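K.L.:
Contents of input18.cif (mmCIF, C-alpha atoms (C1' of nucleotides) and all ligand atoms) are given next:
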```
data_protein
loop_
_atom_site.label_atom_id
_atom_site.label_comp_id
_atom_site.auth_asym_id
_atom_site.auth_seq_id
_atom_site.Cartn_x
_atom_site.Cartn_y
_atom_site.Cartn_z
CA MET A 983 25.23 -5.70 -30.80
CA LEU A 984 24.07 -2.09 -30.79
CA ARG A 985 26.78 -1.05 -28.36
CA LEU A 986 28.86 2.07 -27.90
CA SER A 987 32.54 1.40 -28.46
CA LYS A 988 35.00 1.62 -25.59
CA ARG A 989 36.65 4.45 -27.49
CA VAL A 990 33.52 6.52 -27.06
CA GLU A 991 33.22 5.61 -23.39
CA TYR A 992 36.82 6.55 -22.71
CA GLY A 993 36.46 9.69 -24.78
CA LEU A 994 33.50 10.78 -22.69
CA VAL A 995 35.36 10.10 -19.45
CA ALA A 996 38.30 12.15 -20.69
CA LEU A 997 36.12 15.03 -21.83
CA GLN A 998 34.35 14.94 -18.50
CA HIS A 999 37.75 15.12 -16.81
CA LEU A 1000 38.71 18.15 -18.86
CA ALA A 1001 35.43 19.91 -18.23
CA ARG A 1002 35.50 19.29 -14.49
CA ARG A 1003 39.05 20.39 -13.89
CA GLY A 1004 39.37 23.05 -16.52
CA GLY A 1005 42.72 24.08 -18.00
CA VAL A 1006 45.27 21.62 -19.29
CA SER A 1007 45.42 17.89 -18.54
CA THR A 1008 47.87 15.32 -19.84
CA VAL A 1009 46.91 11.94 -21.20
CA ARG A 1010 48.92 10.29 -18.43
CA GLU A 1011 46.93 12.13 -15.81
CA MET A 1012 43.60 11.21 -17.36
CA SER A 1013 44.49 7.59 -18.02
CA ASP A 1014 45.85 7.03 -14.51
CA ASP A 1015 42.93 8.74 -12.81
CA ASN A 1016 40.39 6.67 -14.66
CA GLY A 1017 42.19 3.39 -15.15
CA ILE A 1018 42.31 3.61 -18.92
CA SER A 1019 45.14 2.33 -21.12
CA TYR A 1020 47.54 5.20 -21.80
CA ASP A 1021 48.25 4.28 -25.41
CA LEU A 1022 44.62 3.78 -26.20
CA LEU A 1023 43.50 7.05 -24.68
CA ALA A 1024 46.34 8.89 -26.42
CA LYS A 1025 44.87 7.89 -29.80
CA ILE A 1026 41.41 8.87 -28.72
CA MET A 1027 42.55 12.34 -27.65
CA GLN A 1028 44.17 12.83 -31.04
CA ASP A 1029 40.89 12.06 -32.74
CA LEU A 1030 38.98 14.40 -30.46
CA LYS A 1031 41.46 17.13 -31.24
CA ARG A 1032 41.09 16.48 -34.95
CA ASP A 1033 37.40 17.18 -34.50
CA GLY A 1034 38.09 20.53 -32.93
CA MET A 1035 36.38 20.19 -29.58
CA ILE A 1036 39.72 20.20 -27.74
CA CYS A 1037 43.14 21.61 -28.53
CA SER A 1038 46.59 20.27 -27.73
CA HIS A 1039 49.85 21.71 -26.42
CA GLN A 1040 52.99 19.72 -27.06
CA GLY A 1041 56.12 19.57 -24.97
CA VAL A 1042 56.74 19.93 -21.28
CA ARG A 1043 53.68 21.18 -19.39
CA GLY A 1044 51.62 20.39 -22.45
CA GLY A 1045 48.39 18.47 -22.67
CA TYR A 1046 44.83 18.94 -23.82
CA THR A 1047 42.28 21.67 -23.20
CA LEU A 1048 38.56 21.83 -23.81
CA ILE A 1049 37.74 24.64 -26.20
CA LEU A 1050 34.01 24.18 -26.61
CA ALA A 1051 31.25 24.74 -24.08
CA PRO A 1052 30.05 21.45 -22.56
CA GLN A 1053 26.55 22.23 -23.81
CA GLU A 1054 27.91 22.30 -27.35
CA ILE A 1055 29.44 18.83 -27.20
CA THR A 1056 26.81 16.25 -28.08
CA LEU A 1057 27.25 12.50 -27.98
CA THR A 1058 26.61 12.47 -31.71
CA ARG A 1059 29.66 14.62 -32.20
CA VAL A 1060 31.83 12.44 -29.98
CA VAL A 1061 30.69 9.30 -31.75
CA ASN A 1062 31.33 10.82 -35.17
CA ALA A 1063 34.80 11.91 -34.05
CA LEU A 1064 35.75 8.51 -32.65
CA GLU A 1065 34.02 6.01 -34.90
CA LYS A 1066 34.17 5.83 -38.66
CA GLU A 1067 30.59 4.79 -39.08
CA ASN A 1068 27.57 5.82 -37.09
CA SER A 1069 24.72 4.45 -39.15
CA ILE A 1070 22.16 1.94 -37.99
CA THR A 1071 22.31 0.15 -41.38
CA SER A 1072 24.63 0.39 -44.36
CA CYS A 1073 21.99 2.18 -46.45
CA THR A 1074 21.67 4.98 -43.92
CA SER A 1075 25.40 5.62 -44.21
CA ALA A 1076 26.86 8.37 -46.34
CA GLY A 1077 29.67 6.52 -48.08
CA GLU A 1078 28.60 2.92 -47.79
CA GLY A 1079 25.39 1.89 -49.51
CA CYS A 1080 23.81 -1.55 -49.82
CA THR A 1081 23.36 -3.77 -52.87
CA ARG A 1082 19.87 -4.72 -51.75
CA GLU A 1083 18.83 -1.11 -51.47
CA PRO A 1084 16.70 -0.78 -54.67
CA ASP A 1085 14.19 -3.45 -53.69
CA CYS A 1086 14.55 -3.49 -49.93
CA SER A 1087 11.20 -3.34 -48.22
CA ILE A 1088 12.37 -1.96 -44.90
CA LYS A 1089 14.87 0.72 -45.89
CA ASP A 1090 12.39 3.58 -45.50
CA SER A 1091 11.75 2.61 -41.91
CA MET A 1092 15.47 2.29 -41.30
CA HIS A 1093 16.02 5.85 -42.45
CA ILE A 1094 13.37 7.04 -40.05
CA LEU A 1095 14.91 5.02 -37.24
CA GLN A 1096 18.31 6.48 -38.06
CA GLY A 1097 16.86 9.92 -37.43
CA THR A 1098 15.34 8.86 -34.15
CA MET A 1099 18.61 7.39 -33.01
CA GLU A 1100 20.58 10.49 -33.82
CA GLN A 1101 18.02 12.49 -31.93
CA ALA A 1102 18.61 10.25 -28.92
CA LEU A 1103 22.37 10.72 -29.18
CA ASN A 1104 21.93 14.45 -29.56
CA SER A 1105 19.98 14.59 -26.34
CA VAL A 1106 23.12 13.69 -24.41
CA THR A 1107 25.63 16.51 -24.01
CA LEU A 1108 28.85 16.76 -22.04
CA ALA A 1109 27.10 19.27 -19.78
CA LYS A 1110 24.71 16.53 -18.71
CA LEU A 1111 27.47 14.33 -17.37
CA LEU A 1112 29.20 16.79 -15.14
CA MET B 462 29.69 0.85 -34.54
CA LEU B 463 26.13 1.25 -33.24
CA ARG B 464 24.67 -0.81 -36.03
CA LEU B 465 21.74 -3.19 -36.27
CA SER B 466 22.87 -6.72 -37.11
CA LYS B 467 21.94 -8.32 -40.42
CA ARG B 468 20.08 -10.89 -38.37
CA VAL B 469 17.69 -8.19 -37.22
CA GLU B 470 17.33 -6.77 -40.72
CA TYR B 471 16.54 -10.18 -42.17
CA GLY B 472 14.24 -10.96 -39.27
CA LEU B 473 12.26 -7.81 -39.95
CA VAL B 474 12.00 -8.59 -43.64
CA ALA B 475 10.76 -12.09 -42.83
CA LEU B 476 8.24 -10.84 -40.31
CA GLN B 477 7.05 -8.30 -42.83
CA HIS B 478 6.65 -11.12 -45.33
CA LEU B 479 4.57 -13.11 -42.87
CA ALA B 480 2.41 -10.16 -41.96
CA ARG B 481 1.75 -9.16 -45.56
CA ARG B 482 0.86 -12.59 -46.86
CA GLY B 483 -0.74 -14.05 -43.76
CA GLY B 484 -0.93 -17.79 -43.14
CA VAL B 485 2.05 -20.11 -43.46
CA SER B 486 5.31 -19.38 -45.26
CA THR B 487 8.38 -21.58 -45.57
CA VAL B 488 11.92 -20.39 -45.01
CA ARG B 489 12.72 -21.29 -48.62
CA GLU B 490 9.95 -19.05 -49.87
CA MET B 491 11.03 -16.11 -47.73
CA SER B 492 14.73 -16.46 -48.45
CA ASP B 493 14.21 -16.75 -52.20
CA ASP B 494 11.76 -13.86 -52.36
CA ASN B 495 14.09 -11.54 -50.51
CA GLY B 496 17.50 -12.76 -51.57
CA ILE B 497 18.54 -13.89 -48.12
CA SER B 498 20.71 -16.92 -47.37
CA TYR B 499 18.49 -19.88 -46.62
CA ASP B 500 20.64 -21.30 -43.83
CA LEU B 501 20.98 -17.96 -42.14
CA LEU B 502 17.30 -17.14 -42.26
CA ALA B 503 16.44 -20.61 -40.99
CA LYS B 504 18.36 -19.90 -37.80
CA ILE B 505 16.76 -16.51 -37.44
CA MET B 506 13.27 -17.94 -37.73
CA GLN B 507 14.07 -20.46 -35.01
CA ASP B 508 15.05 -17.64 -32.70
CA LEU B 509 11.92 -15.68 -33.50
CA LYS B 510 9.84 -18.74 -32.78
CA ARG B 511 11.63 -19.23 -29.46
CA ASP B 512 10.50 -15.75 -28.55
CA GLY B 513 6.89 -16.60 -29.21
CA MET B 514 5.96 -14.04 -31.86
CA ILE B 515 5.65 -16.73 -34.51
CA CYS B 516 4.91 -20.46 -34.43
CA SER B 517 6.22 -23.26 -36.59
CA HIS B 518 4.73 -26.28 -38.32
CA GLN B 519 7.11 -29.06 -39.21
CA GLY B 520 6.86 -31.53 -42.06
CA VAL B 521 5.36 -31.24 -45.51
CA ARG B 522 3.28 -28.10 -45.97
CA GLY B 523 4.86 -26.74 -42.82
CA GLY B 524 6.41 -23.34 -42.24
CA TYR B 525 6.01 -20.34 -39.99
CA THR B 526 3.00 -18.28 -38.99
CA LEU B 527 2.71 -14.95 -37.28
CA ILE B 528 0.78 -15.30 -34.04
CA LEU B 529 1.03 -11.75 -32.69
CA ALA B 530 -0.57 -8.58 -33.97
CA PRO B 531 1.90 -6.44 -35.95
CA GLN B 532 1.27 -3.60 -33.51
CA GLU B 533 2.49 -5.82 -30.70
CA ILE B 534 5.83 -6.61 -32.31
CA THR B 535 8.30 -3.88 -31.43
CA LEU B 536 11.82 -3.58 -32.73
CA THR B 537 13.03 -3.96 -29.17
CA ARG B 538 11.45 -7.36 -29.03
CA VAL B 539 12.95 -8.42 -32.34
CA VAL B 540 16.39 -7.26 -31.29
CA ASN B 541 16.15 -9.04 -27.97
CA ALA B 542 15.06 -12.21 -29.73
CA LEU B 543 17.85 -12.14 -32.29
CA GLU B 544 20.84 -10.65 -30.49
CA LYS B 545 22.28 -11.85 -27.24
CA GLU B 546 23.02 -8.39 -25.96
CA ASN B 547 21.08 -5.22 -26.51
CA SER B 548 22.79 -2.88 -24.09
CA ILE B 549 24.57 0.31 -25.04
CA THR B 550 27.34 -0.48 -22.52
CA SER B 551 28.26 -3.56 -20.51
CA CYS B 552 27.00 -2.00 -17.29
CA THR B 553 23.52 -1.49 -18.70
CA SER B 554 23.32 -5.19 -19.44
CA ALA B 555 21.54 -7.67 -17.21
CA GLY B 556 24.06 -10.49 -17.07
CA GLU B 557 27.27 -8.74 -17.99
CA GLY B 558 28.52 -6.02 -15.67
CA CYS B 559 31.73 -4.00 -15.84
CA THR B 560 34.75 -4.08 -13.53
CA ARG B 561 35.00 -0.29 -13.65
CA GLU B 562 31.39 0.12 -12.60
CA PRO B 563 31.87 1.13 -8.90
CA ASP B 564 33.85 4.25 -9.68
CA CYS B 565 32.75 5.00 -13.22
CA SER B 566 31.79 8.63 -13.63
CA ILE B 567 29.56 8.20 -16.66
CA LYS B 568 27.56 5.10 -15.86
CA ASP B 569 24.52 7.03 -14.63
CA SER B 570 24.26 8.84 -17.93
CA MET B 571 24.72 5.58 -19.77
CA HIS B 572 21.76 4.10 -17.96
CA ILE B 573 19.64 7.06 -18.94
CA LEU B 574 20.80 6.78 -22.53
CA GLN B 575 19.97 3.10 -22.50
CA GLY B 576 16.39 4.02 -21.65
CA THR B 577 16.23 6.58 -24.41
CA MET B 578 17.54 4.08 -26.92
CA GLU B 579 15.00 1.44 -25.94
CA GLN B 580 12.31 4.05 -26.28
CA ALA B 581 13.52 4.72 -29.82
CA LEU B 582 13.47 1.02 -30.64
CA ASN B 583 10.04 0.67 -29.11
CA SER B 584 8.70 3.36 -31.40
CA VAL B 585 9.17 1.05 -34.37
CA THR B 586 6.62 -1.74 -34.69
CA LEU B 587 6.03 -4.32 -37.40
CA ALA B 588 2.79 -2.51 -38.19
CA LYS B 589 4.79 0.52 -39.22
CA LEU B 590 6.65 -1.35 -41.92
CA LEU B 591 3.76 -2.87 -43.77
"C1'" DA C 1158 72.58 23.16 -25.61
"C1'" DT C 1159 70.52 19.46 -23.47
"C1'" DA C 1160 67.40 16.70 -21.01
"C1'" DA C 1161 62.83 15.84 -19.73
"C1'" DT C 1162 58.07 15.74 -20.92
"C1'" DA C 1163 54.52 15.81 -23.76
"C1'" DT C 1164 51.72 15.00 -28.21
"C1'" DA C 1165 51.73 12.74 -33.17
"C1'" DG C 1166 51.21 8.85 -35.56
"C1'" DG C 1167 52.28 4.50 -37.97
"C1'" DA C 1168 52.35 -0.47 -37.53
"C1'" DC C 1169 51.28 -4.25 -35.29
"C1'" DT C 1170 48.89 -8.29 -32.59
"C1'" DT C 1171 45.10 -10.16 -30.20
"C1'" DT C 1172 40.34 -10.69 -29.27
"C1'" DT C 1173 35.64 -10.61 -30.34
"C1'" DG C 1174 31.50 -10.86 -32.69
"C1'" DG C 1175 28.93 -10.98 -37.10
"C1'" DA C 1176 28.03 -13.49 -41.14
"C1'" DG C 1177 27.60 -17.38 -43.51
"C1'" DT C 1178 28.05 -22.58 -44.38
"C1'" DC C 1179 27.43 -27.54 -43.67
"C1'" DC C 1180 25.42 -31.50 -42.18
"C1'" DG C 1181 22.79 -34.77 -39.64
"C1'" DA C 1182 18.40 -35.41 -36.95
"C1'" DC C 1183 13.68 -35.07 -36.34
"C1'" DT C 1184 8.64 -34.36 -37.79
"C1'" DT C 1185 4.74 -34.46 -40.65
"C1'" DC C 1186 1.95 -35.23 -44.60
"C1'" DG C 1187 0.64 -37.68 -48.78
"C1'" DC D 857 8.04 -45.18 -47.32
"C1'" DG D 858 9.67 -40.73 -49.13
"C1'" DA D 859 9.42 -35.90 -49.82
"C1'" DA D 860 9.32 -31.46 -47.60
"C1'" DG D 861 9.81 -29.07 -43.97
"C1'" DT D 862 11.82 -27.42 -39.25
"C1'" DC D 863 15.60 -28.18 -35.54
"C1'" DG D 864 20.03 -27.40 -33.98
"C1'" DG D 865 24.99 -28.15 -33.32
"C1'" DA D 866 29.52 -27.24 -35.12
"C1'" DC D 867 32.17 -25.07 -38.06
"C1'" DT D 868 34.82 -21.52 -41.08
"C1'" DC D 869 35.68 -16.90 -42.52
"C1'" DC D 870 36.17 -12.11 -42.08
"C1'" DA D 871 36.07 -7.42 -40.37
"C1'" DA D 872 36.12 -4.35 -36.64
"C1'" DA D 873 37.32 -3.35 -31.86
"C1'" DA D 874 40.70 -3.34 -28.45
"C1'" DG D 875 45.05 -2.96 -27.04
"C1'" DT D 876 50.34 -2.66 -27.58
"C1'" DC D 877 54.80 -0.93 -29.20
"C1'" DC D 878 57.96 2.04 -31.04
"C1'" DT D 879 59.72 6.21 -33.18
"C1'" DA D 880 59.36 11.09 -34.40
"C1'" DT D 881 58.55 15.75 -33.15
"C1'" DA D 882 57.61 19.81 -30.36
"C1'" DT D 883 58.14 22.52 -26.19
"C1'" DT D 884 59.80 23.89 -21.84
"C1'" DA D 885 62.95 23.95 -17.85
"C1'" DT D 886 67.52 23.85 -16.33
S1 LIG E 1201 18.79 -1.42 -47.99
FE1 LIG E 1201 17.70 -2.86 -46.67
S2 LIG E 1201 19.14 -4.55 -46.49
FE2 LIG E 1201 20.36 -2.87 -47.31
S3 LIG E 1201 21.18 -1.90 -45.49
FE3 LIG E 1201 19.27 -0.81 -45.91
S4 LIG E 1201 17.79 -1.89 -44.67
FE4 LIG E 1201 19.56 -3.24 -44.73
S1 LIG E 1202 30.61 1.24 -15.83
FE1 LIG E 1202 31.44 2.90 -17.04
S2 LIG E 1202 33.12 1.90 -18.15
FE2 LIG E 1202 31.89 0.22 -17.34
S3 LIG E 1202 30.49 -0.20 -18.99
FE3 LIG E 1202 29.41 1.26 -17.69
S4 LIG E 1202 29.91 3.20 -18.63
FE4 LIG E 1202 31.36 1.76 -19.53
#
```
As structure tokens - that is how I would like this structure written.
P.N.:
Amino acid sequence: MLRLSKRVEYGLVALQHLARRGGVSTVREMSDDNGISYDLLAKIMQDLKRDGMICSHQGVRGGYTLILAPQEITLTRVVNALEKENSITSCTSAGEGCTREPDCSIKDSMHILQGTMEQALNSVTLAKLL
Amino acid sequence: MLRLSKRVEYGLVALQHLARRGGVSTVREMSDDNGISYDLLAKIMQDLKRDGMICSHQGVRGGYTLILAPQEITLTRVVNALEKENSITSCTSAGEGCTREPDCSIKDSMHILQGTMEQALNSVTLAKLL
DNA sequence: ATAATATAGGACTTTTGGAGTCCGACTTCG
DNA sequence: CGAAGTCGGACTCCAAAAGTCCTATATTAT
């Protein structure tokens, strides 16, 4: 359906929250403020941390902190951190491939489109949604 | 997952087939030539016809014919004809909407991104894959 | 030390949409 | 009439998204 997953939407909202407030925020705080499921957002934050754009502090008074400049955080990066696949078709994916690939008459155009799409996603940065 | 549906891929292949050969082609011919399920492609062709970019001829020696110039057929149009929803989020959809919309802090950016995406899809026309 | 608060992460269910199949009806030409 | 085609509903199957639950672990405050 060519749609962004809710994970990405929630991830963006959370990153926006971190960027606006600065410092440390807990998942509970972010989920309550934005009406997002706590458990779901907790997983998302873990994935974002795994990427390296935020860092975590466990224990009392812990939480998450933004460690990259908002200009550095592109939508492409968020999508890659939160979704396993990003490609417009299976042949434009790194580890997927398509059986029809050898004699597919549209795959060249799909590769071009893939580039265009990534360019579109790259044009959106966290800085632009503050 | 931000991926084009197989329906769109097959639709493009079929349209390409029509444009390259010209005149009338049957679903059987197109599905066999490109290794696509007959039943599936049959449904796709019906949807493309409903859109108006091709016309159909029933009965013996029937089939489908392209009635628009390849330059006129954009990927946006194909996607709209073959998928129910095209929007990047539910709030950027015409008949869908989102409960969180009133106080969503990213929806403006999503609307902008929606425009960028459609621009990307518009840049691909049938003429470019001949 | 202990209790409270927070992330870490595995396992699970439910929901949704894509993909593909099947079959009967209708239309047209020879 | 009968063959070759489109038309279109209903259906199954499967994978991914969405959401839930529960336990472990780390850190801080008292
Ligand atoms: S090779 Fe062709 S059919 Fe296979 S994924 Fe790429 S575009 Fe689609
Ligand atoms: S309003 Fe916000 S949460 Fe709802 S669909 Fe749009 S972007 Fe997503």
K.L.:
Could you work out which residues of chain C fall inside 9 Å of chain B? Count all atoms listed in the file, and format the result as a list in words.
P.N.:
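Close to chain B, chain C has DG1175, DA1176, DG1177, DT1178, DT1184, DT1185, DC1186 and DG1187 of chain C.
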K.L.:
Residues up to 12 Å from ligand LIG 1201 (chain E), counting all atoms listed in the file: could you list those as a ChimeraX atom specification?
P.N.:
/A:1069-1076,1078-1096 /B:464-475,495-497,590
K.L.:
At a cut-off of 7 Å around the point (8.1, -7.9, -32.3) (file coordinates), what residues fall inside when counting all atoms listed in the file? I'd like the answer as a list in words.
P.N.:
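Those within range, by chain then number, are Met514, Glu533, Ile534, Thr535, Leu536, Arg538, Val539, Thr586 and Leu587 of chain B.
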K.L.:
Which residues, written as a PDB file with C-alpha atoms, keeping the file's coordinate frame, have at least one atom at most 10 Å from Gly484 in chain B, with all atoms listed in the file counted and residues fewer than 6 positions away on the same chain left out?
P.N.:
```pdb
ATOM      1  CA  GLY B 524       6.410 -23.340 -42.240  1.00  0.00           C
ATOM      2  CA  TYR B 525       6.010 -20.340 -39.990  1.00  0.00           C
ATOM      3  CA  THR B 526       3.000 -18.280 -38.990  1.00  0.00           C
ATOM      4  CA  LEU B 527       2.710 -14.950 -37.280  1.00  0.00           C
ATOM      5  CA  ILE B 528       0.780 -15.300 -34.040  1.00  0.00           C
TER       6      ILE B 528
END
```
K.L.:
Present chain A as a compact mmCIF listing (two decimals) with C-alpha atoms, keeping the file's coordinate frame, least-squares fitted onto chain B over all of its C-alpha atoms paired in order.
P.N.:
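The result, written out as superposed.txt:
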```txt
# COMPACT_ATOMS: atom_id res chain seq x y z
CA MET A 983 29.72 0.72 -34.62
CA LEU A 984 26.21 1.18 -33.24
CA ARG A 985 24.68 -0.92 -36.00
CA LEU A 986 21.77 -3.32 -36.19
CA SER A 987 22.91 -6.84 -37.01
CA LYS A 988 21.98 -8.43 -40.32
CA ARG A 989 20.07 -11.01 -38.31
CA VAL A 990 17.71 -8.30 -37.14
CA GLU A 991 17.36 -6.87 -40.64
CA TYR A 992 16.57 -10.26 -42.11
CA GLY A 993 14.24 -11.04 -39.23
CA LEU A 994 12.29 -7.87 -39.90
CA VAL A 995 12.04 -8.64 -43.61
CA ALA A 996 10.76 -12.12 -42.82
CA LEU A 997 8.23 -10.88 -40.30
CA GLN A 998 7.08 -8.29 -42.79
CA HIS A 999 6.66 -11.09 -45.33
CA LEU A 1000 4.55 -13.09 -42.92
CA ALA A 1001 2.41 -10.14 -41.97
CA ARG A 1002 1.79 -9.08 -45.56
CA ARG A 1003 0.87 -12.48 -46.90
CA GLY A 1004 -0.76 -13.97 -43.86
CA GLY A 1005 -0.96 -17.72 -43.27
CA VAL A 1006 1.99 -20.04 -43.59
CA SER A 1007 5.28 -19.31 -45.37
CA THR A 1008 8.33 -21.52 -45.69
CA VAL A 1009 11.87 -20.37 -45.11
CA ARG A 1010 12.71 -21.23 -48.71
CA GLU A 1011 9.95 -18.97 -49.95
CA MET A 1012 11.03 -16.07 -47.76
CA SER A 1013 14.73 -16.44 -48.46
CA ASP A 1014 14.25 -16.68 -52.23
CA ASP A 1015 11.83 -13.77 -52.38
CA ASN A 1016 14.16 -11.49 -50.49
CA GLY A 1017 17.57 -12.74 -51.54
CA ILE A 1018 18.59 -13.91 -48.09
CA SER A 1019 20.75 -16.95 -47.34
CA TYR A 1020 18.47 -19.92 -46.66
CA ASP A 1021 20.57 -21.39 -43.87
CA LEU A 1022 20.98 -18.08 -42.16
CA LEU A 1023 17.31 -17.20 -42.27
CA ALA A 1024 16.38 -20.69 -41.05
CA LYS A 1025 18.29 -20.03 -37.81
CA ILE A 1026 16.72 -16.64 -37.44
CA MET A 1027 13.20 -18.05 -37.78
CA GLN A 1028 13.98 -20.59 -35.07
CA ASP A 1029 14.97 -17.80 -32.73
CA LEU A 1030 11.86 -15.80 -33.54
CA LYS A 1031 9.75 -18.85 -32.83
CA ARG A 1032 11.53 -19.38 -29.54
CA ASP A 1033 10.41 -15.89 -28.59
CA GLY A 1034 6.80 -16.72 -29.29
CA MET A 1035 5.89 -14.14 -31.89
CA ILE A 1036 5.58 -16.81 -34.60
CA CYS A 1037 4.80 -20.51 -34.55
CA SER A 1038 6.11 -23.32 -36.73
CA HIS A 1039 4.61 -26.31 -38.53
CA GLN A 1040 6.96 -29.09 -39.49
CA GLY A 1041 6.70 -31.47 -42.40
CA VAL A 1042 5.22 -31.12 -45.84
CA ARG A 1043 3.17 -27.94 -46.25
CA GLY A 1044 4.72 -26.68 -43.06
CA GLY A 1045 6.32 -23.34 -42.39
CA TYR A 1046 5.94 -20.36 -40.10
CA THR A 1047 2.95 -18.27 -39.10
CA LEU A 1048 2.67 -14.94 -37.34
CA ILE A 1049 0.73 -15.32 -34.12
CA LEU A 1050 0.97 -11.82 -32.72
CA ALA A 1051 -0.62 -8.62 -33.99
CA PRO A 1052 1.89 -6.49 -35.93
CA GLN A 1053 1.25 -3.65 -33.48
CA GLU A 1054 2.45 -5.91 -30.67
CA ILE A 1055 5.80 -6.69 -32.27
CA THR A 1056 8.29 -3.98 -31.38
CA LEU A 1057 11.83 -3.69 -32.66
CA THR A 1058 13.01 -4.09 -29.09
CA ARG A 1059 11.41 -7.49 -28.99
CA VAL A 1060 12.93 -8.56 -32.30
CA VAL A 1061 16.36 -7.39 -31.22
CA ASN A 1062 16.09 -9.19 -27.89
CA ALA A 1063 15.00 -12.37 -29.68
CA LEU A 1064 17.84 -12.28 -32.21
CA GLU A 1065 20.77 -10.80 -30.33
CA LYS A 1066 22.17 -11.92 -27.02
CA GLU A 1067 22.97 -8.46 -25.81
CA ASN A 1068 21.10 -5.25 -26.39
CA SER A 1069 22.81 -2.87 -24.02
CA ILE A 1070 24.58 0.32 -24.98
CA THR A 1071 27.37 -0.41 -22.46
CA SER A 1072 28.31 -3.46 -20.41
CA CYS A 1073 27.07 -1.84 -17.18
CA THR A 1074 23.59 -1.36 -18.59
CA SER A 1075 23.40 -5.08 -19.31
CA ALA A 1076 21.62 -7.53 -17.05
CA GLY A 1077 24.17 -10.33 -16.87
CA GLU A 1078 27.38 -8.59 -17.82
CA GLY A 1079 28.63 -5.83 -15.55
CA CYS A 1080 31.83 -3.80 -15.75
CA THR A 1081 34.87 -3.80 -13.47
CA ARG A 1082 35.10 -0.03 -13.66
CA GLU A 1083 31.52 0.38 -12.57
CA PRO A 1084 32.06 1.48 -8.91
CA ASP A 1085 34.04 4.60 -9.77
CA CYS A 1086 32.89 5.28 -13.31
CA SER A 1087 31.91 8.88 -13.77
CA ILE A 1088 29.64 8.42 -16.76
CA LYS A 1089 27.65 5.31 -15.88
CA ASP A 1090 24.61 7.25 -14.65
CA SER A 1091 24.31 8.99 -17.99
CA MET A 1092 24.74 5.69 -19.79
CA HIS A 1093 21.80 4.23 -17.91
CA ILE A 1094 19.68 7.17 -18.93
CA LEU A 1095 20.80 6.83 -22.53
CA GLN A 1096 19.99 3.13 -22.43
CA GLY A 1097 16.42 4.05 -21.58
CA THR A 1098 16.22 6.57 -24.38
CA MET A 1099 17.52 4.04 -26.85
CA GLU A 1100 15.04 1.40 -25.85
CA GLN A 1101 12.32 3.98 -26.20
CA ALA A 1102 13.51 4.63 -29.75
CA LEU A 1103 13.47 0.92 -30.56
CA ASN A 1104 10.04 0.56 -29.02
CA SER A 1105 8.70 3.25 -31.29
CA VAL A 1106 9.20 0.96 -34.28
CA THR A 1107 6.63 -1.81 -34.63
CA LEU A 1108 6.04 -4.37 -37.35
CA ALA A 1109 2.79 -2.56 -38.14
CA LYS A 1110 4.82 0.48 -39.14
CA LEU A 1111 6.70 -1.37 -41.84
CA LEU A 1112 3.81 -2.85 -43.71
```
K.L.:
Kindly indicate which residue among D:DC869, D:DA880, D:DA885, D:DC857 lies nearest to chain A, using all atoms listed in the file for the distances.
P.N.:
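Looking at the shortest contact to chain A, the residue is D:DA885.
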K.L.:
If we count only C-alpha atoms (C1' of nucleotides), which residues of chain D reach to within 12 Å of chain B? Please list them as a PyMOL selection string.
P.N.:
chain D and resi 858-865+871-873
K.L.:
Work out how far CA of Glu1011 in chain A is from CA of Gln1053 in chain A, in Å to one decimal.
P.N.:
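If I compute the distance from CA of Gln1053 in chain A to CA of Glu1011 in chain A, I get 24.1 Å.
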K.L.:
Find the axis-aligned box for range 874-883 of chain D, covering all its listed atoms and adding 5 Å on each side, and write its centre and edge lengths in Å to one decimal as AutoDock Vina command-line options.
P.N.:
```
--center_x 50.2 --center_y 9.6 --center_z -30.3 --size_x 29.0 --size_y 35.9 --size_z 18.2
```
K.L.:
When distances are computed from only C-alpha atoms, which of A:Thr1098, A:Gly1077, A:Asn1104, A:Ala1109 shows the smallest separation from chain B?
P.N.:
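For chain B, the nearest of the given residues is A:Thr1098.
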K.L.:
May I have the residues at most 8 Å from (51.5, -4.4, -35.1) in the file's coordinates, counting only C-alpha atoms (C1' of nucleotides), as a ChimeraX atom specification?
P.N.:
/C:1168-1170 /D:876-877
K.L.:
Which distance in Å separates CA of Ser584 in chain B and CA of Leu502 in chain B, to one decimal?
P.N.:
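Computing the Euclidean distance for CA of Ser584 in chain B and CA of Leu502 in chain B yields 24.7 Å.
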K.L.:
At what distance in Å, to one decimal, does CA of Gln477 in chain B lie from CA of Val585 in chain B?
P.N.:
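Result for CA of Val585 in chain B versus CA of Gln477 in chain B: 12.8 Å, one decimal.
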K.L.:
Nearest to DT1164 in chain C: which of A:Lys1031, A:Met1012, A:His999, A:Gly1004 is it, counting only C-alpha atoms (C1' of nucleotides)?
P.N.:
A:Lys1031
